[in-house]
$ cat entry24.csv   # CSV, C-alpha atoms
chain,number,residue,atom,x,y,z
Y,825,MET,CA,5.7,16.8,-32.8
Y,826,ALA,CA,3.9,19.1,-35.2
Y,827,CYS,CA,6.5,21.7,-36.2
Y,828,ASP,CA,10.2,22.5,-36.4
Y,829,CYS,CA,10.1,24.2,-33.0
Y,830,CYS,CA,8.9,21.0,-31.5
Y,831,LYS,CA,11.7,19.1,-33.1
Y,832,LEU,CA,14.2,21.5,-31.8
Y,833,LEU,CA,12.8,21.3,-28.3
Y,834,VAL,CA,13.0,17.5,-28.3
Y,835,LYS,CA,16.5,17.6,-29.7
Y,836,ASP,CA,17.6,20.0,-26.9
Y,837,GLU,CA,16.0,17.9,-24.2
Y,838,ILE,CA,17.7,14.8,-25.5
Y,839,GLU,CA,21.1,16.5,-25.6
Y,840,LYS,CA,20.5,18.0,-22.0
Y,841,LEU,CA,20.4,14.4,-20.8
Y,842,GLY,CA,23.8,13.6,-22.4
Y,843,LEU,CA,22.1,11.5,-25.1
Y,844,GLN,CA,22.9,11.7,-28.8
Y,845,PRO,CA,19.9,12.2,-31.2
Y,846,VAL,CA,20.3,10.3,-34.5
Y,847,HIS,CA,17.1,11.3,-36.2
Y,848,ILE,CA,14.3,13.6,-35.1
Y,849,ASP,CA,11.3,14.1,-37.3
Y,850,LEU,CA,7.6,14.9,-36.9
Y,851,GLY,CA,6.3,12.4,-34.3
Y,852,GLU,CA,9.4,10.4,-33.8
Y,853,ALA,CA,12.9,10.6,-32.3
Y,854,GLU,CA,15.7,8.1,-32.6
Y,855,ILE,CA,18.5,8.1,-30.0
Y,856,LYS,CA,22.0,6.5,-30.4
Y,857,GLY,CA,22.8,3.9,-27.8
Y,858,THR,CA,20.6,2.9,-24.8
Y,859,VAL,CA,18.5,5.1,-22.7
Y,860,SER,CA,18.2,4.4,-19.0
Y,861,ASP,CA,14.9,4.3,-17.3
Y,862,LYS,CA,15.8,7.5,-15.4
Y,863,GLN,CA,16.8,9.3,-18.6
Y,864,GLN,CA,13.6,8.1,-20.3
Y,865,GLU,CA,11.6,9.4,-17.3
Y,866,LYS,CA,13.3,12.8,-17.4
Y,867,LEU,CA,12.9,13.1,-21.1
Y,868,ASN,CA,9.2,12.2,-20.9
Y,869,GLY,CA,8.7,14.8,-18.2
Y,870,ALA,CA,10.4,17.5,-20.1
Y,871,ILE,CA,8.5,16.7,-23.3
Y,872,GLN,CA,5.1,16.6,-21.4
Y,873,LYS,CA,6.0,19.9,-19.6
Y,874,ALA,CA,6.4,21.5,-23.0
Y,875,GLY,CA,2.8,20.4,-23.9
Y,876,LEU,CA,3.9,17.4,-26.1
Y,877,GLU,CA,2.9,13.8,-25.7
Y,878,VAL,CA,5.1,10.8,-25.5
Y,879,VAL,CA,3.7,7.9,-27.4
Y,880,VAL,CA,5.0,4.3,-26.9
Y,881,SER,CA,2.1,2.0,-27.8
Y,882,LYS,CA,2.0,0.5,-31.3
Y,883,LYS,CA,-1.5,2.0,-31.8
Y,884,GLY,CA,-0.3,5.4,-30.7
Y,885,ILE,CA,2.8,5.2,-32.9
Y,886,LEU,CA,0.6,4.3,-35.9
Y,887,LEU,CA,-1.8,7.2,-35.1
Y,888,GLU,CA,1.2,9.6,-35.0
Y,889,LYS,CA,2.5,8.3,-38.3
Y,890,ILE,CA,-0.9,8.8,-39.9
Y,891,LYS,CA,-1.0,12.4,-38.5
Y,892,LYS,CA,2.6,13.0,-39.6
Y,893,ASN,CA,1.8,11.9,-43.2
Y,894,ILE,CA,-1.4,14.0,-43.3
Y,895,PHE,CA,0.6,17.0,-42.1
Y,896,GLU,CA,3.3,16.4,-44.7
Y,897,TYR,CA,0.7,15.9,-47.4
Y,898,VAL,CA,-0.9,19.3,-46.7
Y,899,ASN,CA,2.2,21.3,-45.9
Y,900,GLU,CA,4.6,20.0,-48.5
Y,901,SER,CA,2.0,19.4,-51.2
Y,902,ASP,CA,3.5,21.7,-53.7
Y,903,GLU,CA,6.7,19.6,-53.6
Y,904,LYS,CA,4.9,16.3,-54.0
Y,905,GLN,CA,3.6,14.7,-57.2
Y,906,ARG,CA,0.0,15.2,-57.8
Y,907,ILE,CA,-1.2,12.1,-56.0
Y,908,SER,CA,-4.4,11.5,-54.3
Y,909,PHE,CA,-4.4,11.6,-50.5
Y,910,SER,CA,-5.4,8.0,-50.1
Y,911,ASN,CA,-2.7,6.8,-52.5
Y,912,TYR,CA,-0.1,9.0,-50.7
Y,913,LEU,CA,-1.0,7.5,-47.3
Y,914,VAL,CA,-0.9,3.9,-48.6
Y,915,LYS,CA,2.4,4.6,-50.3
Y,916,ASN,CA,3.9,5.8,-47.1
Y,917,LEU,CA,2.3,3.3,-44.6
Y,918,PRO,CA,2.2,-0.5,-44.9
Y,919,TYR,CA,-1.6,-0.7,-44.7
Y,920,ASP,CA,-4.6,-0.3,-47.0
Y,921,TYR,CA,-6.5,2.9,-46.9
Y,922,ALA,CA,-9.7,1.4,-45.5
Y,923,TYR,CA,-7.8,0.0,-42.5
Y,924,LEU,CA,-6.0,3.4,-41.9
Y,925,ALA,CA,-9.3,5.3,-42.2
Y,926,ASN,CA,-11.2,3.0,-39.8
Y,927,PHE,CA,-8.3,2.9,-37.3
Y,928,PHE,CA,-8.0,6.7,-37.4
Y,929,SER,CA,-11.7,7.2,-36.8
Y,930,GLU,CA,-11.7,4.8,-33.8
Y,931,MET,CA,-8.7,6.5,-32.2
Y,932,GLN,CA,-9.6,10.2,-32.9
Y,933,ALA,CA,-13.4,10.3,-32.9
Y,934,THR,CA,-13.3,12.1,-36.3
Y,935,THR,CA,-12.7,10.8,-39.8
Y,936,ILE,CA,-9.4,10.9,-41.5
Y,937,GLU,CA,-11.0,13.1,-44.2
Y,938,GLN,CA,-12.4,15.6,-41.7
Y,939,TYR,CA,-8.9,15.8,-40.1
Y,940,LEU,CA,-7.4,16.4,-43.5
Y,941,ILE,CA,-9.9,19.1,-44.4
Y,942,ALA,CA,-9.3,20.8,-41.1
Y,943,LEU,CA,-5.5,20.9,-41.7
Y,944,LYS,CA,-6.1,22.1,-45.3
Y,945,ILE,CA,-8.3,24.9,-44.1
Y,946,ASP,CA,-5.7,25.9,-41.5
Y,947,LYS,CA,-3.1,26.0,-44.3
Y,948,VAL,CA,-5.5,28.1,-46.4
Y,949,LYS,CA,-5.8,30.6,-43.6
Y,950,GLU,CA,-2.0,30.6,-43.2
Y,951,LEU,CA,-1.5,31.3,-46.9
Y,952,ILE,CA,-4.0,34.1,-46.9
Y,953,VAL,CA,-2.5,35.7,-43.8
Y,954,LEU,CA,1.2,35.2,-44.4
Y,955,ARG,CA,1.6,35.1,-48.2
Y,956,ASP,CA,0.0,37.2,-50.8
Y,957,LEU,CA,-1.3,34.4,-53.0
Y,958,THR,CA,-4.5,34.4,-55.0
Y,959,LEU,CA,-7.2,31.9,-54.2
Y,960,THR,CA,-6.4,30.3,-57.5
Y,961,GLN,CA,-2.8,29.8,-56.5
Y,962,ILE,CA,-3.8,28.5,-53.0
Y,963,ALA,CA,-6.3,26.1,-54.6
Y,964,ASP,CA,-3.6,24.8,-56.9
Y,965,LYS,CA,-1.0,24.5,-54.2
Y,966,LEU,CA,-3.4,22.5,-52.0
Y,967,HIS,CA,-4.7,20.3,-54.8
Y,968,TYR,CA,-8.2,21.6,-54.8
Y,969,SER,CA,-10.1,20.8,-58.0
Y,970,SER,CA,-11.2,24.5,-58.2
Y,971,VAL,CA,-11.5,27.7,-56.3
Y,972,ALA,CA,-15.2,27.1,-55.9
Y,973,HIS,CA,-14.4,23.8,-54.1
Y,974,LEU,CA,-11.9,25.5,-51.9
Y,975,SER,CA,-14.3,28.3,-51.1
Y,976,ALA,CA,-17.2,25.9,-50.3
Y,977,GLN,CA,-15.0,23.8,-48.0
Y,978,PHE,CA,-13.6,27.0,-46.3
Y,979,LYS,CA,-17.1,28.4,-45.7
Y,980,LYS,CA,-18.4,25.1,-44.4
Y,981,VAL,CA,-15.5,24.8,-41.8
Y,982,THR,CA,-15.1,28.5,-40.8
Y,983,GLY,CA,-18.5,30.1,-41.6
Y,984,LEU,CA,-16.7,32.7,-43.8
Y,985,THR,CA,-15.7,32.9,-47.4
Y,986,PRO,CA,-11.9,33.1,-48.1
Y,987,THR,CA,-12.5,36.5,-49.6
Y,988,HIS,CA,-14.3,37.7,-46.4
Y,989,PHE,CA,-11.5,36.2,-44.3
Y,990,LYS,CA,-8.9,38.1,-46.4
Y,991,LYS,CA,-10.8,41.4,-46.0
Y,992,LEU,CA,-11.0,40.9,-42.2
Y,993,ARG,CA,-7.2,40.4,-42.2
Y,994,GLU,CA,-6.6,43.5,-44.3
Y,995,LYS,CA,-9.0,45.5,-42.0
Y,996,ARG,CA,-7.1,44.3,-38.9
Y,997,LYS,CA,-3.8,45.1,-40.5
Y,998,SER,CA,-4.9,48.7,-41.3
Y,999,ILE,CA,-6.1,49.1,-37.7
Y,1000,THR,CA,-2.9,47.9,-36.2
Y,1001,GLN,CA,-0.7,50.0,-38.5
Y,1002,GLY,CA,-2.8,53.1,-37.8
Y,1003,PRO,CA,-3.9,55.9,-40.1
Y,1004,SER,CA,-0.3,57.1,-40.9
Y,1005,ALA,CA,0.6,53.8,-42.5
Y,1006,LYS,CA,-2.0,54.2,-45.3

$ encode --input "entry24.csv" --output "structure tokens"
Amino acid sequence: MACDCCKLLVKDEIEKLGLQPVHIDLGEAEIKGTVSDKQQEKLNGAIQKAGLEVVVSKKGILLEKIKKNIFEYVNESDEKQRISFSNYLVKNLPYDYAYLANFFSEMQATTIEQYLIALKIDKVKELIVLRDLTLTQIADKLHYSSVAHLSAQFKKVTGLTPTHFKKLREKRKSITQGPSAK
């Protein structure tokens, strides 16, 4: 589960089956009592129909926990202490960083750092589009060492500078609002 909408969907599907959710979070759901095989099958079908994946293997669960922690690190970074990503991950999962990084690479065919960077760049795009923050504010919020580092990483991933991306957004916005909105 990657967002609040996903959590709501899972909660609704659990309740439709007459089950009582205890805890639903990104990548996990805990249900009070026992779940019959038929209920589990129906829940799995509903979740898969919504485009989500049911994970029950230990490796799959660890992978989802890693992704959940990366997502939280990027999206709740302004609320977290200034802690390095590797220390954050080790603090939240009972493994050393080298093991987690190697495991992630084997399971995802990308490195944990590349995955983190992709999520951070998506967050930069979101902040540029949805909030009127300066690049300095965005760099600080996402724990970049400088605006230059953010800009270089953004350009490497997207092929555009953040400033150019922002100008494109403003141009699209003025086109959709029409000439009378100026």

$ closest_residue --input "entry24.csv" --among "Y:Val971, Y:Val898, Y:Ile855, Y:Leu886" --to "Ile945 of chain Y" --atoms "all atoms listed in the file"
Y:Val898

$ residues_around --input "entry24.csv" --residues "Thr960 of chain Y" --least-positions-apart "4" --cutoff "9 Å" --atoms "only C-alpha atoms" --output "ChimeraX atom specification"
/Y:964-965,970-971

$ closest_residue --input "entry24.csv" --among "Y:Leu959, Y:Leu966, Y:Ile885, Y:Leu876" --to "Ile941 of chain Y" --atoms "only C-alpha atoms"
Y:Leu966

$ residues_around --input "entry24.csv" --residues "segment 908-914 of chain Y" --least-positions-apart "4" --cutoff "8 Å" --atoms "only C-alpha atoms" --output "ChimeraX atom specification"
/Y:890,893-894,897,918-921

$ closest_residue --input "entry24.csv" --among "Y:Leu992, Y:Ala925, Y:Ile848, Y:Leu984" --to "Tyr939 of chain Y" --atoms "all atoms listed in the file"
Y:Ala925

$ residues_around --input "entry24.csv" --residues "Thr858 of chain Y" --least-positions-apart "2" --cutoff "12 Å" --atoms "all atoms listed in the file" --output "PyMOL selection string"
chain Y and resi 842-845+854-856+860-864

$ closest_residue --input "entry24.csv" --among "Y:Arg993, Y:Lys831, Y:Phe895, Y:Glu930" --to "Leu951 of chain Y" --atoms "only C-alpha atoms"
Y:Arg993

$ atom_distance --input "entry24.csv" --atom1 "atom CA of Gly875 of chain Y" --atom2 "atom CA of Tyr923 of chain Y"
29.6 Å

$ closest_residue --input "entry24.csv" --among "Y:Ala963, Y:Val953, Y:Asn916, Y:Asn926" --to "Lys991 of chain Y" --atoms "all atoms listed in the file"
Y:Val953

$ residues_near_point --input "entry24.csv" --point "(-5.3, 35.8, -48.3)" --cutoff "10 Å" --atoms "all atoms listed in the file" --output "VMD selection string"
chain Y and resid 948 to 959 962 986 to 994

$ atom_distance --input "entry24.csv" --atom1 "atom CA of Gly983 of chain Y" --atom2 "atom CA of Lys947 of chain Y"
16.2 Å

$ atom_distance --input "entry24.csv" --atom1 "atom CA of Ser969 of chain Y" --atom2 "atom CA of Cys827 of chain Y"
27.4 Å

$ residues_around --input "entry24.csv" --residues "Leu887 of chain Y" --least-positions-apart "5" --cutoff "12 Å" --atoms "only C-alpha atoms" --output "ChimeraX atom specification"
/Y:851-852,879-882,892-894,917,923-932,936

$ decode --input "entry24.csv" --residues "segment 831-961 of chain Y" --atoms "C-alpha atoms" --output "PDB file, in the first residue's frame"
ATOM      1  CA  LYS Y 831      -5.171   1.969   3.213  1.00  0.00           C
ATOM      2  CA  LEU Y 832      -8.841   3.028   3.043  1.00  0.00           C
ATOM      3  CA  LEU Y 833      -9.525   0.561   0.250  1.00  0.00           C
ATOM      4  CA  VAL Y 834      -8.000  -2.310   2.216  1.00  0.00           C
ATOM      5  CA  LYS Y 835      -9.910  -1.291   5.358  1.00  0.00           C
ATOM      6  CA  ASP Y 836     -13.198  -1.200   3.424  1.00  0.00           C
ATOM      7  CA  GLU Y 837     -12.551  -4.606   1.850  1.00  0.00           C
ATOM      8  CA  ILE Y 838     -11.731  -6.123   5.244  1.00  0.00           C
ATOM      9  CA  GLU Y 839     -14.912  -4.688   6.757  1.00  0.00           C
ATOM     10  CA  LYS Y 840     -17.046  -5.867   3.790  1.00  0.00           C
ATOM     11  CA  LEU Y 841     -16.026  -9.407   4.731  1.00  0.00           C
ATOM     12  CA  GLY Y 842     -17.283  -8.888   8.283  1.00  0.00           C
ATOM     13  CA  LEU Y 843     -13.756  -8.764   9.663  1.00  0.00           C
ATOM     14  CA  GLN Y 844     -12.406  -6.215  12.105  1.00  0.00           C
ATOM     15  CA  PRO Y 845      -9.197  -4.395  11.142  1.00  0.00           C
ATOM     16  CA  VAL Y 846      -6.917  -3.713  14.108  1.00  0.00           C
ATOM     17  CA  HIS Y 847      -4.111  -1.876  12.346  1.00  0.00           C
ATOM     18  CA  ILE Y 848      -3.682  -0.848   8.726  1.00  0.00           C
ATOM     19  CA  ASP Y 849      -0.521   0.860   7.615  1.00  0.00           C
ATOM     20  CA  LEU Y 850       1.569   1.171   4.487  1.00  0.00           C
ATOM     21  CA  GLY Y 851       2.278  -2.376   3.356  1.00  0.00           C
ATOM     22  CA  GLU Y 852       0.553  -4.204   6.196  1.00  0.00           C
ATOM     23  CA  ALA Y 853      -2.844  -5.017   7.668  1.00  0.00           C
ATOM     24  CA  GLU Y 854      -3.629  -6.694  10.971  1.00  0.00           C
ATOM     25  CA  ILE Y 855      -7.054  -8.262  11.477  1.00  0.00           C
ATOM     26  CA  LYS Y 856      -8.653  -9.191  14.809  1.00  0.00           C
ATOM     27  CA  GLY Y 857      -9.491 -12.866  15.192  1.00  0.00           C
ATOM     28  CA  THR Y 858      -9.057 -15.575  12.623  1.00  0.00           C
ATOM     29  CA  VAL Y 859      -9.591 -15.286   8.912  1.00  0.00           C
ATOM     30  CA  SER Y 860     -11.053 -18.245   7.075  1.00  0.00           C
ATOM     31  CA  ASP Y 861      -9.488 -19.462   3.845  1.00  0.00           C
ATOM     32  CA  LYS Y 862     -12.592 -18.272   1.965  1.00  0.00           C
ATOM     33  CA  GLN Y 863     -12.370 -14.791   3.517  1.00  0.00           C
ATOM     34  CA  GLN Y 864      -8.643 -14.633   2.740  1.00  0.00           C
ATOM     35  CA  GLU Y 865      -9.310 -15.643  -0.858  1.00  0.00           C
ATOM     36  CA  LYS Y 866     -12.020 -12.976  -1.251  1.00  0.00           C
ATOM     37  CA  LEU Y 867      -9.824 -10.319   0.357  1.00  0.00           C
ATOM     38  CA  ASN Y 868      -6.868 -11.224  -1.856  1.00  0.00           C
ATOM     39  CA  GLY Y 869      -9.092 -11.044  -4.952  1.00  0.00           C
ATOM     40  CA  ALA Y 870     -10.509  -7.643  -4.007  1.00  0.00           C
ATOM     41  CA  ILE Y 871      -7.066  -6.251  -3.232  1.00  0.00           C
ATOM     42  CA  GLN Y 872      -5.594  -7.576  -6.478  1.00  0.00           C
ATOM     43  CA  LYS Y 873      -8.591  -6.265  -8.450  1.00  0.00           C
ATOM     44  CA  ALA Y 874      -7.753  -2.809  -7.081  1.00  0.00           C
ATOM     45  CA  GLY Y 875      -4.226  -3.144  -8.483  1.00  0.00           C
ATOM     46  CA  LEU Y 876      -2.521  -3.914  -5.186  1.00  0.00           C
ATOM     47  CA  GLU Y 877      -0.461  -6.980  -4.378  1.00  0.00           C
ATOM     48  CA  VAL Y 878      -0.892  -9.388  -1.491  1.00  0.00           C
ATOM     49  CA  VAL Y 879       2.431 -10.411  -0.010  1.00  0.00           C
ATOM     50  CA  VAL Y 880       2.749 -13.361   2.348  1.00  0.00           C
ATOM     51  CA  SER Y 881       6.317 -14.645   1.918  1.00  0.00           C
ATOM     52  CA  LYS Y 882       8.964 -13.550   4.418  1.00  0.00           C
ATOM     53  CA  LYS Y 883      11.085 -12.103   1.620  1.00  0.00           C
ATOM     54  CA  GLY Y 884       8.108 -10.217   0.204  1.00  0.00           C
ATOM     55  CA  ILE Y 885       7.225  -8.869   3.627  1.00  0.00           C
ATOM     56  CA  LEU Y 886      10.784  -7.640   4.224  1.00  0.00           C
ATOM     57  CA  LEU Y 887      10.826  -6.004   0.789  1.00  0.00           C
ATOM     58  CA  GLU Y 888       7.546  -4.212   1.557  1.00  0.00           C
ATOM     59  CA  LYS Y 889       8.907  -3.074   4.934  1.00  0.00           C
ATOM     60  CA  ILE Y 890      11.985  -1.637   3.220  1.00  0.00           C
ATOM     61  CA  LYS Y 891       9.810   0.181   0.662  1.00  0.00           C
ATOM     62  CA  LYS Y 892       7.519   1.449   3.414  1.00  0.00           C
ATOM     63  CA  ASN Y 893      10.483   2.855   5.331  1.00  0.00           C
ATOM     64  CA  ILE Y 894      11.918   4.505   2.216  1.00  0.00           C
ATOM     65  CA  PHE Y 895       8.505   6.034   1.461  1.00  0.00           C
ATOM     66  CA  GLU Y 896       8.183   7.319   5.032  1.00  0.00           C
ATOM     67  CA  TYR Y 897      11.742   8.682   5.015  1.00  0.00           C
ATOM     68  CA  VAL Y 898      11.026  10.714   1.884  1.00  0.00           C
ATOM     69  CA  ASN Y 899       7.457  11.780   2.613  1.00  0.00           C
ATOM     70  CA  GLU Y 900       7.756  12.505   6.312  1.00  0.00           C
ATOM     71  CA  SER Y 901      11.329  13.756   6.223  1.00  0.00           C
ATOM     72  CA  ASP Y 902      10.536  17.194   7.604  1.00  0.00           C
ATOM     73  CA  GLU Y 903       9.059  15.577  10.707  1.00  0.00           C
ATOM     74  CA  LYS Y 904      12.032  13.248  11.255  1.00  0.00           C
ATOM     75  CA  GLN Y 905      15.304  14.107  12.887  1.00  0.00           C
ATOM     76  CA  ARG Y 906      18.124  14.842  10.542  1.00  0.00           C
ATOM     77  CA  ILE Y 907      19.342  11.271  10.232  1.00  0.00           C
ATOM     78  CA  SER Y 908      21.047   9.631   7.285  1.00  0.00           C
ATOM     79  CA  PHE Y 909      18.948   7.281   5.219  1.00  0.00           C
ATOM     80  CA  SER Y 910      21.080   4.244   6.054  1.00  0.00           C
ATOM     81  CA  ASN Y 911      20.859   4.957   9.792  1.00  0.00           C
ATOM     82  CA  TYR Y 912      17.106   5.529   9.504  1.00  0.00           C
ATOM     83  CA  LEU Y 913      16.621   2.174   7.790  1.00  0.00           C
ATOM     84  CA  VAL Y 914      18.799   0.258  10.272  1.00  0.00           C
ATOM     85  CA  LYS Y 915      17.005   1.957  13.174  1.00  0.00           C
ATOM     86  CA  ASN Y 916      13.622   0.746  11.872  1.00  0.00           C
ATOM     87  CA  LEU Y 917      14.542  -2.726  10.612  1.00  0.00           C
ATOM     88  CA  PRO Y 918      16.502  -5.400  12.497  1.00  0.00           C
ATOM     89  CA  TYR Y 919      19.239  -5.837   9.865  1.00  0.00           C
ATOM     90  CA  ASP Y 920      22.428  -4.058   8.936  1.00  0.00           C
ATOM     91  CA  TYR Y 921      22.359  -1.701   5.981  1.00  0.00           C
ATOM     92  CA  ALA Y 922      24.620  -3.812   3.734  1.00  0.00           C
ATOM     93  CA  TYR Y 923      22.256  -6.776   4.078  1.00  0.00           C
ATOM     94  CA  LEU Y 924      19.184  -4.622   3.363  1.00  0.00           C
ATOM     95  CA  ALA Y 925      20.833  -2.967   0.348  1.00  0.00           C
ATOM     96  CA  ASN Y 926      21.950  -6.309  -1.142  1.00  0.00           C
ATOM     97  CA  PHE Y 927      18.573  -7.931  -0.458  1.00  0.00           C
ATOM     98  CA  PHE Y 928      16.736  -5.006  -2.075  1.00  0.00           C
ATOM     99  CA  SER Y 929      18.953  -5.115  -5.175  1.00  0.00           C
ATOM    100  CA  GLU Y 930      18.372  -8.854  -5.606  1.00  0.00           C
ATOM    101  CA  MET Y 931      14.600  -8.490  -5.256  1.00  0.00           C
ATOM    102  CA  GLN Y 932      14.068  -5.293  -7.262  1.00  0.00           C
ATOM    103  CA  ALA Y 933      16.761  -5.276  -9.957  1.00  0.00           C
ATOM    104  CA  THR Y 934      17.687  -1.742  -8.861  1.00  0.00           C
ATOM    105  CA  THR Y 935      19.686  -0.437  -5.967  1.00  0.00           C
ATOM    106  CA  ILE Y 936      18.116   0.849  -2.795  1.00  0.00           C
ATOM    107  CA  GLU Y 937      19.803   4.216  -3.444  1.00  0.00           C
ATOM    108  CA  GLN Y 938      18.340   4.469  -6.965  1.00  0.00           C
ATOM    109  CA  TYR Y 939      14.910   3.667  -5.556  1.00  0.00           C
ATOM    110  CA  LEU Y 940      15.359   6.333  -2.871  1.00  0.00           C
ATOM    111  CA  ILE Y 941      16.470   8.897  -5.455  1.00  0.00           C
ATOM    112  CA  ALA Y 942      13.478   8.113  -7.696  1.00  0.00           C
ATOM    113  CA  LEU Y 943      11.087   8.634  -4.769  1.00  0.00           C
ATOM    114  CA  LYS Y 944      12.844  11.857  -3.776  1.00  0.00           C
ATOM    115  CA  ILE Y 945      12.618  13.213  -7.337  1.00  0.00           C
ATOM    116  CA  ASP Y 946       8.907  12.318  -7.444  1.00  0.00           C
ATOM    117  CA  LYS Y 947       8.517  14.230  -4.175  1.00  0.00           C
ATOM    118  CA  VAL Y 948      10.406  17.208  -5.643  1.00  0.00           C
ATOM    119  CA  LYS Y 949       8.008  17.219  -8.611  1.00  0.00           C
ATOM    120  CA  GLU Y 950       5.039  17.036  -6.243  1.00  0.00           C
ATOM    121  CA  LEU Y 951       6.352  19.934  -4.156  1.00  0.00           C
ATOM    122  CA  ILE Y 952       7.012  22.034  -7.255  1.00  0.00           C
ATOM    123  CA  VAL Y 953       3.536  21.357  -8.671  1.00  0.00           C
ATOM    124  CA  LEU Y 954       1.375  21.375  -5.550  1.00  0.00           C
ATOM    125  CA  ARG Y 955       3.162  23.770  -3.218  1.00  0.00           C
ATOM    126  CA  ASP Y 956       4.808  27.060  -3.885  1.00  0.00           C
ATOM    127  CA  LEU Y 957       8.139  26.268  -2.248  1.00  0.00           C
ATOM    128  CA  THR Y 958      11.507  27.578  -3.350  1.00  0.00           C
ATOM    129  CA  LEU Y 959      14.153  25.100  -4.417  1.00  0.00           C
ATOM    130  CA  THR Y 960      16.058  25.995  -1.255  1.00  0.00           C
ATOM    131  CA  GLN Y 961      13.037  25.038   0.867  1.00  0.00           C
TER     132      GLN Y 961
END
